[in-house]
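J.: If you scroll down you'll find the structure; I have some questions about it.
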Amino acid sequence: MKKYINEIKIANLKKILILFTVSLGICGDPIINIWYIGIRENPIYNHYIEIYNPTDEVIDLSQYAFIKGHAQSSAIGHGWGNELSNSGVSFYRLSGSLFPGTSIGFSRDVSHESLQNTADVVFEDECVLSVSGDDAVGLFKGAGETAEEVLSACDSIPVDAVGTPYSDPGQSWQVSGEVGPPNSTNTSFYGVTRFAVLMRKPHIGTGNAGNWDFSRGCVVYPCTNDSVTTSYQASEWEVYPCYFYDGCNVANSIITNGAGAEPDCPDASLDIDSMATYYYDPNASEIVVLNEFLASSTDCCGAELFGEGVDFIELYNP
């Protein structure tokens, strides 16, 4: 039991050290601040993704590209840029400039007009945003005119990502302690990376470098949908359910089927209202950083960490 408790303490310390390192890092890249998949019924497929510039400098978006990936066993290839028989385009090179404190949104021409009117870029046909809740989309930085060239330039490590092409969650991933509705056999959960709005917490100003489990707040491994394996405190994301008017009539009350449950109406106006509440505030940090650390164990951070030795750690909330 003592060994098990110490393993938990060591894992928590590693996470604190990662957060400490990230909080000190200086990053000049945009982040994915909003992810949304709403109703998915032909002919309406509601998709929206937004990136935000948390820096003090103008960002040249031509350095960046969206690349999607699939973890399904039927995928052709492995990892970012792989394809399904119906996956369509897996690569999109961004363009233009993103000024400090501003964002740029992307949607699809098959999404509801409310999303198309909100987006700055509307993709056509089976695009890089043609995804379900179990597909991944990454923001990559590197030269190249194809996914292969960009991935080679950055060692397949994204600046930021939602999802991962290396682990199939089933229907979608749970995030921030939100598991979504139970599946049809009541043996697992559907997750919330579809039929929900994911919005970055205000203090997050750096991408997750593709570490999706860390970003979504995994606290139990393997981080599957069989039980609650993520937590709000450990996550970088807020999760909002899809809202709609009862009977799709604006004269009626606003209702929801819950995060991870498909909404009844294609009009995404109320979800756009949720997205509009996003703001970035680095001073709203929930991060507790390492202030002082001493380990007297024979191997640093070993079995005696916080045990019977004279190990010492001090945390500070900036």
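Each chain in the structure tokens gets a letter, A, B and so on, in the order shown; residues start at 1 in every chain, and ligands are counted from 1 in the order they appear.
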Could you give me, as a ChimeraX atom specification, the residues within 7 Å of Thr164 of chain A, counting only C-alpha atoms and dropping anything in the same chain fewer than 2 positions from it?
T.: /A:136,162,166-167,212
J.: Could you go through segment 184-249 of chain A and tell me which residues DSSP, when run on the backbone, assigns to strand (DSSP E), listing them as a ChimeraX atom specification?
T.: /A:196-200,237-241,243-245
J.: Suppose we keep C-alpha atoms; can you now write the selection as a PDB file, in the first residue's frame?
T.:
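Output file out-v2.pdb follows:
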```
ATOM      1  CA  ALA A 196     -20.334  19.336 -27.128  1.00  0.00           C
ATOM      2  CA  VAL A 197     -18.327  22.553 -27.067  1.00  0.00           C
ATOM      3  CA  LEU A 198     -14.751  22.291 -25.782  1.00  0.00           C
ATOM      4  CA  MET A 199     -13.242  25.618 -24.803  1.00  0.00           C
ATOM      5  CA  ARG A 200      -9.753  26.223 -23.415  1.00  0.00           C
ATOM      6  CA  TRP A 237     -10.646  22.421 -21.098  1.00  0.00           C
ATOM      7  CA  GLU A 238     -14.120  23.599 -20.201  1.00  0.00           C
ATOM      8  CA  VAL A 239     -16.907  21.395 -21.578  1.00  0.00           C
ATOM      9  CA  TYR A 240     -20.316  22.781 -22.511  1.00  0.00           C
ATOM     10  CA  PRO A 241     -23.326  20.801 -23.756  1.00  0.00           C
ATOM     11  CA  TYR A 243     -28.117  23.911 -26.396  1.00  0.00           C
ATOM     12  CA  PHE A 244     -31.186  24.371 -28.574  1.00  0.00           C
ATOM     13  CA  TYR A 245     -34.729  25.665 -28.436  1.00  0.00           C
TER      14      TYR A 245
END
```
J.: Hey, what's within 8 Å of Gly81 of chain A if we count only C-alpha atoms and toss same-chain stuff fewer than 4 positions away? As a VMD selection string, please?
T.: chain A and resid 67 to 69 90 to 91 147 to 148
J.: Please extract the residues of segment 30-237 of chain A with a backbone DSSP assignment of alpha helix (DSSP H) and present them as a PyMOL selection string.
T.: chain A and resi 113-118+147-153+212-216
J.: Kindly give the distance, in Å, that separates atom CA of Ser132 of chain A and atom CA of His203 of chain A, rounded to a single decimal.
T.: 27.6 Å
J.: Tell me which of A:Gly258, A:Pro54, A:Gly133, A:Gly105 sits closest to Gln174 of chain A, counting only C-alpha atoms.
T.: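 Once distances to Gln174 of chain A are computed over only C-alpha atoms, the minimum belongs to A:Gly133.
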J.: Using only C-alpha atoms, which residue out of A:Asn33, A:Ser85, A:Asn257, A:Ser114 lies closest to Gly101 of chain A?
T.: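 Looking only at the distances to Gly101 of chain A, the closest residue turns out to be A:Asn33.
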J.: When distances are computed from only C-alpha atoms, which of A:Ile104, A:Val175, A:Ile254, A:Ala75 shows the smallest separation from Val122 of chain A?
T.: A:Ile104
J.: Measuring atom to atom with only C-alpha atoms, identify which of A:Asn53, A:Ser188, A:Ser269, A:Asn46 is nearest to His112 of chain A.
T.: A:Asn46
J.: Per residue of segment 49-74 of chain A within 12 Å of segment 34-45 of chain A, record the nearest atom pair and its distance in Å to one decimal, counting only C-alpha atoms, with rows in chain order and ascending residue number, as a tab-separated table.
T.:
```
residue	atom	partner	partner_atom	distance
A:Ile49	CA	A:Trp35	CA	4.7
A:Glu50	CA	A:Ile34	CA	5.0
A:Ile51	CA	A:Ile34	CA	7.0
A:Tyr52	CA	A:Ile34	CA	8.7
```
J.: Store the residues picked out above, limited to N, CA and C atoms, as a tab-separated table (two decimals), in the first residue's frame.
T.:
```
chain	number	residue	atom	x	y	z
A	49	ILE	N	-13.82	24.84	-35.52
A	49	ILE	CA	-12.59	24.88	-34.75
A	49	ILE	C	-12.05	26.30	-34.82
A	50	GLU	N	-11.44	26.74	-33.73
A	50	GLU	CA	-10.94	28.11	-33.68
A	50	GLU	C	-9.55	28.12	-33.07
A	51	ILE	N	-8.67	28.96	-33.60
A	51	ILE	CA	-7.36	29.13	-33.00
A	51	ILE	C	-7.21	30.58	-32.56
A	52	TYR	N	-6.41	30.77	-31.52
A	52	TYR	CA	-6.30	32.08	-30.85
A	52	TYR	C	-4.83	32.43	-30.68
```
J.: Give me the residues near segment 222-236 of chain A as a list in words, where near means some atom within 6 Å (using only C-alpha atoms) and where sequence neighbours in that chain fewer than 4 positions away do not count.
T.: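 The neighbour list is Ser176, Gly177, Ser188, Phe189, Arg200, Lys201, Ser215, Arg216, Gly217 and Cys218 of chain A.
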J.: For the atom pair atom CA of Trp80 of chain A and atom CA of Ser97 of chain A, what is the interatomic distance in Å to one decimal place?
T.: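 It comes out at 25.2 Å.
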J.: Under the rule that only C-alpha atoms are counted, which of A:Ser111, A:Ser156, A:Ser62, A:Thr256 is the nearest residue to His78 of chain A?
T.: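 Smallest distance to His78 of chain A is found for A:Ser156.
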